[in-house]
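Listing of protein01.cif; format and content: mmCIF, C-alpha atoms and all ligand atoms.
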```
data_final
loop_
_atom_site.group_PDB
_atom_site.id
_atom_site.type_symbol
_atom_site.label_atom_id
_atom_site.label_comp_id
_atom_site.auth_asym_id
_atom_site.auth_seq_id
_atom_site.Cartn_x
_atom_site.Cartn_y
_atom_site.Cartn_z
ATOM 1 C CA MET R 5 60.211 12.980 43.781
ATOM 2 C CA SER R 6 61.715 16.312 42.822
ATOM 3 C CA HIS R 7 60.979 17.838 39.430
ATOM 4 C CA PRO R 8 63.800 19.964 37.954
ATOM 5 C CA ILE R 9 62.047 22.659 35.915
ATOM 6 C CA ILE R 10 62.661 25.802 33.895
ATOM 7 C CA PHE R 11 59.723 28.178 34.256
ATOM 8 C CA ASP R 12 59.102 30.434 31.238
ATOM 9 C CA THR R 13 56.864 33.349 32.223
ATOM 10 C CA ASP R 14 55.483 36.864 31.675
ATOM 11 C CA PRO R 15 54.693 37.972 35.262
ATOM 12 C CA GLY R 16 51.790 38.916 35.455
ATOM 13 C CA VAL R 17 49.566 38.419 38.538
ATOM 14 C CA ASP R 18 48.727 34.757 37.947
ATOM 15 C CA ASP R 19 52.308 34.132 36.830
ATOM 16 C CA ALA R 20 53.468 35.541 40.174
ATOM 17 C CA GLN R 21 51.293 33.050 42.060
ATOM 18 C CA ALA R 22 52.759 30.224 39.981
ATOM 19 C CA ILE R 23 56.329 31.476 40.459
ATOM 20 C CA ALA R 24 55.704 31.454 44.212
ATOM 21 C CA ILE R 25 54.674 27.785 43.975
ATOM 22 C CA ALA R 26 57.748 26.983 41.868
ATOM 23 C CA LEU R 27 59.950 28.721 44.453
ATOM 24 C CA ARG R 28 58.323 27.137 47.488
ATOM 25 C CA HIS R 29 57.108 23.645 46.628
ATOM 26 C CA PRO R 30 59.433 20.980 48.063
ATOM 27 C CA GLU R 31 58.918 18.734 45.026
ATOM 28 C CA ILE R 32 60.051 21.403 42.562
ATOM 29 C CA ASP R 33 63.701 22.148 41.841
ATOM 30 C CA LEU R 34 63.499 25.518 40.062
ATOM 31 C CA LEU R 35 66.586 25.726 37.826
ATOM 32 C CA GLY R 36 65.744 29.086 36.286
ATOM 33 C CA LEU R 37 63.113 31.578 35.269
ATOM 34 C CA THR R 38 63.057 32.699 31.655
ATOM 35 C CA THR R 39 61.056 35.771 30.761
ATOM 36 C CA THR R 40 58.996 36.960 27.841
ATOM 37 C CA TYR R 41 56.828 39.920 26.928
ATOM 38 C CA GLY R 42 53.093 39.209 27.219
ATOM 39 C CA ASN R 43 51.259 40.521 30.260
ATOM 40 C CA VAL R 44 54.008 43.192 30.434
ATOM 41 C CA ASP R 45 57.046 44.191 28.382
ATOM 42 C CA VAL R 46 59.984 41.835 28.788
ATOM 43 C CA GLU R 47 62.077 44.190 30.949
ATOM 44 C CA THR R 48 59.221 44.422 33.453
ATOM 45 C CA ALA R 49 58.791 40.639 33.316
ATOM 46 C CA THR R 50 62.477 40.206 34.188
ATOM 47 C CA HIS R 51 62.256 42.771 36.986
ATOM 48 C CA ASN R 52 59.254 40.987 38.483
ATOM 49 C CA ALA R 53 60.877 37.547 38.216
ATOM 50 C CA LEU R 54 63.963 38.824 40.063
ATOM 51 C CA LEU R 55 61.808 40.561 42.668
ATOM 52 C CA LEU R 56 59.636 37.522 43.411
ATOM 53 C CA SER R 57 62.702 35.304 43.834
ATOM 54 C CA GLU R 58 64.301 37.820 46.199
ATOM 55 C CA LEU R 59 61.123 38.109 48.253
ATOM 56 C CA ALA R 60 61.177 34.329 48.621
ATOM 57 C CA GLY R 61 64.819 34.518 49.740
ATOM 58 C CA ARG R 62 66.021 32.542 46.715
ATOM 59 C CA GLU R 63 68.747 33.264 44.170
ATOM 60 C CA ILE R 64 67.409 31.780 40.972
ATOM 61 C CA PRO R 65 68.901 32.540 37.524
ATOM 62 C CA VAL R 66 66.579 34.801 35.511
ATOM 63 C CA ALA R 67 67.261 34.928 31.759
ATOM 64 C CA GLN R 68 65.494 37.513 29.640
ATOM 65 C CA GLY R 69 63.930 36.503 26.348
ATOM 66 C CA ALA R 70 61.437 37.522 23.678
ATOM 67 C CA ALA R 71 60.480 41.198 23.509
ATOM 68 C CA ALA R 72 57.964 40.706 20.699
ATOM 69 C CA PRO R 73 56.217 38.003 18.650
ATOM 70 C CA LEU R 74 58.090 36.151 15.906
ATOM 71 C CA VAL R 75 56.051 37.524 13.007
ATOM 72 C CA LYS R 76 52.990 39.609 13.904
ATOM 73 C CA ALA R 77 53.053 43.089 15.407
ATOM 74 C CA ARG R 78 52.984 43.181 19.188
ATOM 75 C CA HIS R 79 49.738 44.106 20.930
ATOM 76 C CA PRO R 80 49.975 46.524 23.873
ATOM 77 C CA PRO R 81 50.210 44.738 27.255
ATOM 78 C CA PRO R 82 46.837 44.245 29.033
ATOM 79 C CA ALA R 83 47.426 46.836 31.808
ATOM 80 C CA HIS R 84 43.732 46.701 32.774
ATOM 81 C CA ILE R 85 44.184 43.061 33.833
ATOM 82 C CA HIS R 86 47.669 42.944 35.400
ATOM 83 C CA GLY R 87 48.463 46.649 35.955
ATOM 84 C CA THR R 88 51.212 48.598 34.211
ATOM 85 C CA ASN R 89 53.842 47.014 36.462
ATOM 86 C CA GLY R 90 52.346 43.522 35.998
ATOM 87 C CA LEU R 91 51.671 43.217 39.717
ATOM 88 C CA GLY R 92 48.451 45.176 40.062
ATOM 89 C CA ASP R 93 50.207 48.568 40.240
ATOM 90 C CA ILE R 94 50.999 48.084 43.922
ATOM 91 C CA GLU R 95 54.150 49.722 45.240
ATOM 92 C CA LEU R 96 57.076 47.312 44.920
ATOM 93 C CA PRO R 97 60.338 47.083 46.871
ATOM 94 C CA PRO R 98 63.608 47.624 44.965
ATOM 95 C CA VAL R 99 65.344 44.731 43.234
ATOM 96 C CA GLN R 100 69.006 43.941 43.988
ATOM 97 C CA GLY R 101 69.808 41.112 41.565
ATOM 98 C CA LYS R 102 70.707 41.133 37.889
ATOM 99 C CA ALA R 103 69.550 38.951 35.035
ATOM 100 C CA ASP R 104 71.692 36.107 33.715
ATOM 101 C CA PRO R 105 73.778 37.394 30.768
ATOM 102 C CA ARG R 106 72.416 34.650 28.487
ATOM 103 C CA SER R 107 69.252 34.942 26.458
ATOM 104 C CA ALA R 108 66.280 32.884 27.637
ATOM 105 C CA ALA R 109 66.657 30.599 24.610
ATOM 106 C CA GLN R 110 70.364 30.029 25.315
ATOM 107 C CA PHE R 111 69.599 29.326 28.972
ATOM 108 C CA ILE R 112 67.007 26.721 27.953
ATOM 109 C CA VAL R 113 69.392 25.064 25.480
ATOM 110 C CA ASP R 114 72.306 25.002 27.954
ATOM 111 C CA THR R 115 70.193 23.609 30.780
ATOM 112 C CA LEU R 116 68.564 20.873 28.691
ATOM 113 C CA ASN R 117 71.938 19.835 27.262
ATOM 114 C CA ALA R 118 73.493 19.714 30.719
ATOM 115 C CA ARG R 119 70.821 17.343 32.062
ATOM 116 C CA PRO R 120 69.353 15.367 29.151
ATOM 117 C CA GLY R 121 66.109 13.570 29.961
ATOM 118 C CA GLU R 122 65.709 15.247 33.349
ATOM 119 C CA VAL R 123 64.332 18.750 32.948
ATOM 120 C CA THR R 124 60.689 19.763 32.435
ATOM 121 C CA LEU R 125 60.036 23.008 30.621
ATOM 122 C CA VAL R 126 56.937 24.770 31.958
ATOM 123 C CA ALA R 127 55.790 27.729 29.824
ATOM 124 C CA VAL R 128 53.009 30.075 30.906
ATOM 125 C CA GLY R 129 53.347 33.020 28.540
ATOM 126 C CA PRO R 130 53.644 33.493 24.776
ATOM 127 C CA VAL R 131 56.068 30.752 23.701
ATOM 128 C CA GLY R 132 58.639 32.701 21.653
ATOM 129 C CA ASN R 133 61.508 31.611 23.927
ATOM 130 C CA LEU R 134 60.729 27.952 23.282
ATOM 131 C CA ALA R 135 60.568 28.579 19.529
ATOM 132 C CA ALA R 136 63.923 30.406 19.682
ATOM 133 C CA ALA R 137 65.481 27.571 21.711
ATOM 134 C CA LEU R 138 64.260 25.047 19.123
ATOM 135 C CA GLN R 139 65.869 27.106 16.392
ATOM 136 C CA LEU R 140 69.174 27.387 18.299
ATOM 137 C CA ASP R 141 69.372 23.659 18.968
ATOM 138 C CA PRO R 142 66.721 21.288 17.576
ATOM 139 C CA THR R 143 68.303 18.365 19.485
ATOM 140 C CA ILE R 144 66.605 19.630 22.663
ATOM 141 C CA ILE R 145 63.448 17.930 21.344
ATOM 142 C CA GLY R 146 64.964 14.621 22.427
ATOM 143 C CA LYS R 147 66.477 15.983 25.642
ATOM 144 C CA VAL R 148 63.581 17.666 27.430
ATOM 145 C CA LYS R 149 61.674 15.433 29.830
ATOM 146 C CA ARG R 150 58.354 17.120 29.042
ATOM 147 C CA VAL R 151 57.024 20.500 27.915
ATOM 148 C CA VAL R 152 53.995 21.730 29.865
ATOM 149 C CA ILE R 153 52.239 24.740 28.384
ATOM 150 C CA MET R 154 49.526 26.884 29.900
ATOM 151 C CA GLY R 155 47.750 28.009 26.808
ATOM 152 C CA GLY R 156 45.152 27.254 24.223
ATOM 153 C CA SER R 157 41.625 25.977 24.453
ATOM 154 C CA ILE R 158 40.127 22.795 23.040
ATOM 155 C CA ARG R 159 36.376 23.131 23.715
ATOM 156 C CA GLU R 160 36.161 26.171 25.964
ATOM 157 C CA GLY R 161 36.514 28.989 23.444
ATOM 158 C CA GLY R 162 38.970 31.831 23.847
ATOM 159 C CA ASN R 163 39.630 34.656 26.263
ATOM 160 C CA VAL R 164 41.070 37.161 23.790
ATOM 161 C CA THR R 165 38.924 36.318 20.789
ATOM 162 C CA PRO R 166 35.962 33.920 20.658
ATOM 163 C CA VAL R 167 38.410 31.136 19.781
ATOM 164 C CA ALA R 168 41.901 32.177 20.932
ATOM 165 C CA GLU R 169 43.561 32.035 24.345
ATOM 166 C CA ALA R 170 45.967 34.897 25.200
ATOM 167 C CA ASN R 171 49.309 33.054 25.189
ATOM 168 C CA MET R 172 48.557 31.457 21.815
ATOM 169 C CA PHE R 173 47.106 34.651 20.356
ATOM 170 C CA ASN R 174 50.126 36.722 21.438
ATOM 171 C CA ASP R 175 52.502 34.666 19.301
ATOM 172 C CA PRO R 176 50.652 32.171 17.113
ATOM 173 C CA ASP R 177 53.647 31.578 14.839
ATOM 174 C CA ALA R 178 55.820 30.567 17.792
ATOM 175 C CA ALA R 179 52.961 28.459 19.166
ATOM 176 C CA ALA R 180 52.548 26.645 15.836
ATOM 177 C CA ARG R 181 56.224 25.609 15.939
ATOM 178 C CA VAL R 182 56.333 24.728 19.616
ATOM 179 C CA LEU R 183 53.104 22.706 19.721
ATOM 180 C CA THR R 184 54.086 20.641 16.680
ATOM 181 C CA ALA R 185 57.804 20.167 17.423
ATOM 182 C CA GLY R 186 57.433 16.497 18.348
ATOM 183 C CA TRP R 187 58.601 16.722 21.955
ATOM 184 C CA PRO R 188 56.549 15.222 24.793
ATOM 185 C CA LEU R 189 53.993 17.956 25.426
ATOM 186 C CA THR R 190 50.996 18.589 27.662
ATOM 187 C CA LEU R 191 48.674 21.515 27.034
ATOM 188 C CA VAL R 192 46.934 22.954 30.095
ATOM 189 C CA GLY R 193 44.393 25.310 28.588
ATOM 190 C CA LEU R 194 41.245 27.244 29.388
ATOM 191 C CA ASP R 195 39.203 24.002 29.446
ATOM 192 C CA VAL R 196 40.690 23.403 32.886
ATOM 193 C CA THR R 197 41.941 26.802 34.090
ATOM 194 C CA HIS R 198 38.425 28.270 33.774
ATOM 195 C CA ARG R 199 37.162 25.565 36.166
ATOM 196 C CA CYS R 200 39.518 26.755 38.934
ATOM 197 C CA VAL R 201 38.786 29.851 41.037
ATOM 198 C CA LEU R 202 41.126 31.248 43.659
ATOM 199 C CA THR R 203 38.898 33.007 46.183
ATOM 200 C CA GLY R 204 39.591 35.800 48.663
ATOM 201 C CA GLU R 205 39.722 33.158 51.399
ATOM 202 C CA HIS R 206 42.408 31.226 49.554
ATOM 203 C CA MET R 207 44.372 34.425 49.102
ATOM 204 C CA ALA R 208 44.086 35.412 52.761
ATOM 205 C CA ARG R 209 45.719 32.093 53.687
ATOM 206 C CA ILE R 210 48.451 32.659 51.104
ATOM 207 C CA GLU R 211 49.096 36.190 52.374
ATOM 208 C CA ALA R 212 49.376 34.941 55.931
ATOM 209 C CA GLY R 213 51.783 32.174 54.905
ATOM 210 C CA GLN R 214 54.187 33.991 52.617
ATOM 211 C CA GLY R 215 55.553 37.034 54.464
ATOM 212 C CA ALA R 216 56.794 39.803 52.142
ATOM 213 C CA LEU R 217 56.074 37.642 49.102
ATOM 214 C CA GLY R 218 52.520 37.112 50.366
ATOM 215 C CA LYS R 219 51.962 40.870 50.551
ATOM 216 C CA VAL R 220 52.825 41.235 46.851
ATOM 217 C CA LEU R 221 50.727 38.228 45.851
ATOM 218 C CA ALA R 222 47.712 39.460 47.815
ATOM 219 C CA GLY R 223 48.064 43.111 46.734
ATOM 220 C CA SER R 224 48.285 42.197 43.056
ATOM 221 C CA TYR R 225 45.451 39.677 43.436
ATOM 222 C CA GLY R 226 43.127 42.530 44.525
ATOM 223 C CA PHE R 227 43.659 44.340 41.221
ATOM 224 C CA TYR R 228 43.265 41.137 39.171
ATOM 225 C CA ARG R 229 40.081 40.238 41.046
ATOM 226 C CA ASP R 230 38.505 43.568 40.092
ATOM 227 C CA PHE R 231 38.988 42.620 36.440
ATOM 228 C CA TYR R 232 37.353 39.214 36.955
ATOM 229 C CA ARG R 233 34.433 40.748 38.813
ATOM 230 C CA GLU R 234 33.843 43.501 36.273
ATOM 231 C CA PHE R 235 34.378 41.601 33.017
ATOM 232 C CA LEU R 236 33.477 38.006 33.881
ATOM 233 C CA GLY R 237 31.193 38.320 36.897
ATOM 234 C CA ILE R 238 33.333 35.907 38.942
ATOM 235 C CA ASP R 239 34.190 36.532 42.592
ATOM 236 C CA GLY R 240 37.796 35.344 42.512
ATOM 237 C CA CYS R 241 40.431 34.710 39.845
ATOM 238 C CA CYS R 242 41.381 31.867 37.565
ATOM 239 C CA PRO R 243 44.904 30.823 38.556
ATOM 240 C CA HIS R 244 45.783 29.911 34.949
ATOM 241 C CA ASP R 245 49.526 29.573 35.303
ATOM 242 C CA SER R 246 49.515 27.685 38.610
ATOM 243 C CA CYS R 247 47.387 25.024 36.883
ATOM 244 C CA ALA R 248 50.404 24.012 34.777
ATOM 245 C CA LEU R 249 52.299 23.206 37.985
ATOM 246 C CA ALA R 250 49.234 21.553 39.488
ATOM 247 C CA TRP R 251 49.126 19.232 36.478
ATOM 248 C CA LEU R 252 52.833 18.422 36.914
ATOM 249 C CA LEU R 253 52.541 17.577 40.604
ATOM 250 C CA ARG R 254 48.929 16.386 40.906
ATOM 251 C CA PRO R 255 48.039 14.905 37.483
ATOM 252 C CA GLU R 256 45.349 12.723 39.077
ATOM 253 C CA LEU R 257 43.225 15.867 39.470
ATOM 254 C CA PHE R 258 43.026 16.225 35.668
ATOM 255 C CA THR R 259 41.622 14.219 32.788
ATOM 256 C CA THR R 260 43.560 14.294 29.540
ATOM 257 C CA SER R 261 43.223 13.165 25.968
ATOM 258 C CA ARG R 262 45.761 12.473 23.231
ATOM 259 C CA GLY R 263 45.618 13.892 19.747
ATOM 260 C CA HIS R 264 47.083 16.251 17.191
ATOM 261 C CA LEU R 265 47.255 20.020 17.588
ATOM 262 C CA THR R 266 47.350 22.729 14.958
ATOM 263 C CA VAL R 267 47.536 26.467 15.645
ATOM 264 C CA ALA R 268 45.909 28.963 13.279
ATOM 265 C CA THR R 269 48.468 31.690 12.562
ATOM 266 C CA ALA R 270 46.365 34.214 10.643
ATOM 267 C CA GLY R 271 42.848 35.315 9.840
ATOM 268 C CA ASP R 272 39.807 35.372 12.109
ATOM 269 C CA ALA R 273 40.898 32.207 13.891
ATOM 270 C CA GLU R 274 44.427 33.505 14.624
ATOM 271 C CA GLY R 275 45.746 31.836 17.787
ATOM 272 C CA GLN R 276 43.090 29.120 17.883
ATOM 273 C CA THR R 277 44.311 25.670 18.933
ATOM 274 C CA ILE R 278 42.631 23.014 16.803
ATOM 275 C CA PHE R 279 42.578 19.490 18.256
ATOM 276 C CA ALA R 280 42.112 16.262 16.295
ATOM 277 C CA PRO R 281 41.622 13.361 18.742
ATOM 278 C CA GLU R 282 43.940 10.361 18.253
ATOM 279 C CA GLY R 283 42.452 7.744 15.918
ATOM 280 C CA ARG R 284 39.571 9.894 14.708
ATOM 281 C CA GLY R 285 39.539 10.037 10.915
ATOM 282 C CA PHE R 286 38.709 13.210 9.023
ATOM 283 C CA ILE R 287 38.130 13.490 5.279
ATOM 284 C CA GLU R 288 40.902 16.094 5.177
ATOM 285 C CA THR R 289 43.934 14.259 6.630
ATOM 286 C CA ARG R 290 46.115 17.271 7.399
ATOM 287 C CA TRP R 291 44.652 17.658 10.901
ATOM 288 C CA SER R 292 46.262 14.388 11.932
ATOM 289 C CA ARG R 293 49.713 14.957 10.497
ATOM 290 C CA THR R 294 51.183 16.781 13.502
ATOM 291 C CA PRO R 295 52.850 14.787 16.313
ATOM 292 C CA LEU R 296 50.692 13.370 19.104
ATOM 293 C CA VAL R 297 50.415 15.489 22.248
ATOM 294 C CA GLU R 298 48.356 15.430 25.419
ATOM 295 C CA VAL R 299 45.706 18.032 26.268
ATOM 296 C CA CYS R 300 43.866 18.585 29.533
ATOM 297 C CA LEU R 301 40.082 18.445 29.135
ATOM 298 C CA GLY R 302 38.762 18.083 32.673
ATOM 299 C CA VAL R 303 39.780 18.971 36.210
ATOM 300 C CA ASP R 304 38.648 18.920 39.810
ATOM 301 C CA GLY R 305 38.783 22.721 39.993
ATOM 302 C CA GLU R 306 38.081 22.977 43.694
ATOM 303 C CA ALA R 307 40.839 20.517 44.541
ATOM 304 C CA VAL R 308 43.345 22.391 42.362
ATOM 305 C CA SER R 309 42.440 25.770 43.919
ATOM 306 C CA ASP R 310 42.773 24.237 47.397
ATOM 307 C CA TRP R 311 46.112 22.684 46.416
ATOM 308 C CA ILE R 312 47.426 26.108 45.363
ATOM 309 C CA ALA R 313 46.361 27.697 48.650
ATOM 310 C CA ASP R 314 47.638 24.745 50.717
ATOM 311 C CA THR R 315 51.015 24.891 48.953
ATOM 312 C CA LEU R 316 51.461 28.573 49.740
ATOM 313 C CA ALA R 317 49.775 28.694 53.125
HETATM 314 O O1 LIG R 401 45.094 33.057 29.105
HETATM 315 C C1 LIG R 401 45.733 33.013 30.329
HETATM 316 C C2 LIG R 401 47.194 33.351 30.182
HETATM 317 O O2 LIG R 401 47.279 34.683 29.683
HETATM 318 C C3 LIG R 401 47.973 33.329 31.472
HETATM 319 O O3 LIG R 401 49.279 32.860 31.217
HETATM 320 C C4 LIG R 401 47.983 34.768 31.896
HETATM 321 O O4 LIG R 401 49.124 35.069 32.667
HETATM 322 C C5 LIG R 401 47.941 35.524 30.586
HETATM 323 O O5 LIG R 401 49.209 35.726 30.106
HETATM 324 CA CA CA R 402 51.224 34.096 32.028
#
```

Since I need it in another form, could you write the structure as structure tokens?
Amino acid sequence: MSHPIIFDTDPGVDDAQAIAIALRHPEIDLLGLTTTYGNVDVETATHNALLLSELAGREIPVAQGAAAPLVKARHPPPAHIHGTNGLGDIELPPVQGKADPRSAAQFIVDTLNARPGEVTLVAVGPVGNLAAALQLDPTIIGKVKRVVIMGGSIREGGNVTPVAEANMFNDPDAAARVLTAGWPLTLVGLDVTHRCVLTGEHMARIEAGQGALGKVLAGSYGFYRDFYREFLGIDGCCPHDSCALAWLLRPELFTTSRGHLTVATAGDAEGQTIFAPEGRGFIETRWSRTPLVEVCLGVDGEAVSDWIADTLA
């Protein structure tokens, strides 16, 4: 079965790995890449999306989107994690292609309207483009097949603050709208992405299998791995964004739970995703007023990491 998807992204080293999967996997029909600020500014994100497609020999529409959060001030991009160019500061070949003239939000709205019920929206950066698309055309709620978001954390704690994951923290106001919109939604958060580690051996296989694209993936991985080693004491990297695609194609590797999500938009808990399991009563009922969604709580991390390497080898 082929999955038509739009991939919303802020590439980003782990985004680049996921884009490579979206470009290469025979069961994915990549309809477009939409870009957002996050790991880098949005112009760099667009440049990298175009570059990665060209290196894979594909002409995929790339539509540029959010340059900043909806409400809060933008934090500087995390250059110590992804490099200033988002791809580990390795030297990059020139890009030939140009971005689609439409905004990311318009591209999402047009694509979902053209193929109602068919298209999955996979978002792996701050979710401002999804919030903007909802504002442009709220009827897309009933037209998207599913929204899969890499972001948030149910029990794992955060990676930017003790409670907040980066994509949620970068635009909590957008996240609050997107996670409670009432469309079919699966959250793939740190509870599962932290259980997956892409090792040097995995990456050597990917480099060998992907030609010019493999060189960029492996070069940028080296920079990203230094961050993991220094700050987290892990020998390898968490392939956060690829996990969203792993869930889409290999859901049997994950365990999920249904419930209600809320996103804290201000204060110490800013960006925290708060989960109220389905059917569990609380004295304060507001936690259960948001629409039901699905969250990933468990994963076979080794199998997912192997699946990523096998896909790209
Ligand atoms: O928290 C992990 C997420 O933050 C990933 O999407 C990664 O690319 C960074 O943006
Ligand atoms: Ca990302």

Q) So, counting all atoms listed in the file, which residue among R:Val128, R:Ala185, R:Leu316, R:Ala49 is closest to ligand CA 402 (chain R)? A)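 Looking only at the distances to ligand CA 402 (chain R), the closest residue turns out to be R:Val128.
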
Contact table chain R vs ligand LIG 401 (chain R), cut-off 6 Å, shortest pair per residue, all atoms listed in the file, as JSON lines:
```
{"residue": "R:Gly16", "atom": "CA", "partner": "R:LIG401", "partner_atom": "O4", "distance": 5.4}
{"residue": "R:Asp18", "atom": "CA", "partner": "R:LIG401", "partner_atom": "O4", "distance": 5.3}
{"residue": "R:Asp19", "atom": "CA", "partner": "R:LIG401", "partner_atom": "O4", "distance": 5.3}
{"residue": "R:Gly42", "atom": "CA", "partner": "R:LIG401", "partner_atom": "O5", "distance": 6.0}
{"residue": "R:Asn43", "atom": "CA", "partner": "R:LIG401", "partner_atom": "O5", "distance": 5.2}
{"residue": "R:Val128", "atom": "CA", "partner": "R:LIG401", "partner_atom": "O3", "distance": 4.7}
{"residue": "R:Gly129", "atom": "CA", "partner": "R:LIG401", "partner_atom": "O3", "distance": 4.9}
{"residue": "R:Glu169", "atom": "CA", "partner": "R:LIG401", "partner_atom": "O1", "distance": 5.1}
{"residue": "R:Ala170", "atom": "CA", "partner": "R:LIG401", "partner_atom": "O1", "distance": 4.4}
{"residue": "R:Asn171", "atom": "CA", "partner": "R:LIG401", "partner_atom": "O2", "distance": 5.2}
{"residue": "R:His244", "atom": "CA", "partner": "R:LIG401", "partner_atom": "C3", "distance": 5.3}
{"residue": "R:Asp245", "atom": "CA", "partner": "R:LIG401", "partner_atom": "O3", "distance": 5.2}
```

Put those residues in a file: C-alpha atoms, as a compact mmCIF listing (two decimals), in the coordinates of the input.
```txt
# COMPACT_ATOMS: atom_id res chain seq x y z
CA GLY R 16 51.79 38.92 35.46
CA ASP R 18 48.73 34.76 37.95
CA ASP R 19 52.31 34.13 36.83
CA GLY R 42 53.09 39.21 27.22
CA ASN R 43 51.26 40.52 30.26
CA VAL R 128 53.01 30.08 30.91
CA GLY R 129 53.35 33.02 28.54
CA GLU R 169 43.56 32.03 24.34
CA ALA R 170 45.97 34.90 25.20
CA ASN R 171 49.31 33.05 25.19
CA HIS R 244 45.78 29.91 34.95
CA ASP R 245 49.53 29.57 35.30
```

(Q) Restricting the calculation to all atoms listed in the file: of R:Pro80, R:Gly215, R:Gly146, R:Gly305, which residue gets closest to R:Asp195? (A)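 Closest to R:Asp195 of all the choices is R:Gly305.
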
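Comparing R:Pro243, R:Gly161, R:Gly69, R:Gly283 by their smallest distance to ligand CA 402 (chain R), the closest is R:Pro243 (using all atoms listed in the file).
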
Q: Within 10 Å of stretch 228-240 of chain R, counting all atoms listed in the file, which residues show up once you throw out same-chain ones fewer than 6 positions away? Write them as a PyMOL selection string, please.
A: chain R and resi 16-18+84-87+90-92+200-207+222

Q. Can you tell me, as a PyMOL selection string, what residues are no more than 9 Å from stretch 130-137 of chain R when counting all atoms listed in the file, ignoring any on the same chain fewer than 3 positions away?
A. chain R and resi 12-14+38-42+69-74+107-113+125+127+140-142+144+153+155+170-179+181-182

Selection from above, C-alpha atoms, as an mmCIF file, keeping the file's coordinate frame, can you write it?
```
data_model
loop_
_atom_site.group_PDB
_atom_site.id
_atom_site.type_symbol
_atom_site.label_atom_id
_atom_site.label_comp_id
_atom_site.auth_asym_id
_atom_site.auth_seq_id
_atom_site.Cartn_x
_atom_site.Cartn_y
_atom_site.Cartn_z
ATOM 1 C CA ASP R 12 59.102 30.434 31.238
ATOM 2 C CA THR R 13 56.864 33.349 32.223
ATOM 3 C CA ASP R 14 55.483 36.864 31.675
ATOM 4 C CA THR R 38 63.057 32.699 31.655
ATOM 5 C CA THR R 39 61.056 35.771 30.761
ATOM 6 C CA THR R 40 58.996 36.960 27.841
ATOM 7 C CA TYR R 41 56.828 39.920 26.928
ATOM 8 C CA GLY R 42 53.093 39.209 27.219
ATOM 9 C CA GLY R 69 63.930 36.503 26.348
ATOM 10 C CA ALA R 70 61.437 37.522 23.678
ATOM 11 C CA ALA R 71 60.480 41.198 23.509
ATOM 12 C CA ALA R 72 57.964 40.706 20.699
ATOM 13 C CA PRO R 73 56.217 38.003 18.650
ATOM 14 C CA LEU R 74 58.090 36.151 15.906
ATOM 15 C CA SER R 107 69.252 34.942 26.458
ATOM 16 C CA ALA R 108 66.280 32.884 27.637
ATOM 17 C CA ALA R 109 66.657 30.599 24.610
ATOM 18 C CA GLN R 110 70.364 30.029 25.315
ATOM 19 C CA PHE R 111 69.599 29.326 28.972
ATOM 20 C CA ILE R 112 67.007 26.721 27.953
ATOM 21 C CA VAL R 113 69.392 25.064 25.480
ATOM 22 C CA LEU R 125 60.036 23.008 30.621
ATOM 23 C CA ALA R 127 55.790 27.729 29.824
ATOM 24 C CA LEU R 140 69.174 27.387 18.299
ATOM 25 C CA ASP R 141 69.372 23.659 18.968
ATOM 26 C CA PRO R 142 66.721 21.288 17.576
ATOM 27 C CA ILE R 144 66.605 19.630 22.663
ATOM 28 C CA ILE R 153 52.239 24.740 28.384
ATOM 29 C CA GLY R 155 47.750 28.009 26.808
ATOM 30 C CA ALA R 170 45.967 34.897 25.200
ATOM 31 C CA ASN R 171 49.309 33.054 25.189
ATOM 32 C CA MET R 172 48.557 31.457 21.815
ATOM 33 C CA PHE R 173 47.106 34.651 20.356
ATOM 34 C CA ASN R 174 50.126 36.722 21.438
ATOM 35 C CA ASP R 175 52.502 34.666 19.301
ATOM 36 C CA PRO R 176 50.652 32.171 17.113
ATOM 37 C CA ASP R 177 53.647 31.578 14.839
ATOM 38 C CA ALA R 178 55.820 30.567 17.792
ATOM 39 C CA ALA R 179 52.961 28.459 19.166
ATOM 40 C CA ARG R 181 56.224 25.609 15.939
ATOM 41 C CA VAL R 182 56.333 24.728 19.616
#
```

Q.
For the PyMOL selection byres (((chain R and resi 60) around 12) and not hetatm), applied here, can you spell out every residue it catches as a ChimeraX atom specification?
A. /R:20-21,23-29,53-59,61-64,213-221,316

With C-alpha atoms retained, export the selected residues as a tab-separated table (two decimals), keeping the file's coordinate frame.
```
chain	number	residue	atom	x	y	z
R	20	ALA	CA	53.47	35.54	40.17
R	21	GLN	CA	51.29	33.05	42.06
R	23	ILE	CA	56.33	31.48	40.46
R	24	ALA	CA	55.70	31.45	44.21
R	25	ILE	CA	54.67	27.78	43.98
R	26	ALA	CA	57.75	26.98	41.87
R	27	LEU	CA	59.95	28.72	44.45
R	28	ARG	CA	58.32	27.14	47.49
R	29	HIS	CA	57.11	23.64	46.63
R	53	ALA	CA	60.88	37.55	38.22
R	54	LEU	CA	63.96	38.82	40.06
R	55	LEU	CA	61.81	40.56	42.67
R	56	LEU	CA	59.64	37.52	43.41
R	57	SER	CA	62.70	35.30	43.83
R	58	GLU	CA	64.30	37.82	46.20
R	59	LEU	CA	61.12	38.11	48.25
R	61	GLY	CA	64.82	34.52	49.74
R	62	ARG	CA	66.02	32.54	46.72
R	63	GLU	CA	68.75	33.26	44.17
R	64	ILE	CA	67.41	31.78	40.97
R	213	GLY	CA	51.78	32.17	54.90
R	214	GLN	CA	54.19	33.99	52.62
R	215	GLY	CA	55.55	37.03	54.46
R	216	ALA	CA	56.79	39.80	52.14
R	217	LEU	CA	56.07	37.64	49.10
R	218	GLY	CA	52.52	37.11	50.37
R	219	LYS	CA	51.96	40.87	50.55
R	220	VAL	CA	52.82	41.24	46.85
R	221	LEU	CA	50.73	38.23	45.85
R	316	LEU	CA	51.46	28.57	49.74
```
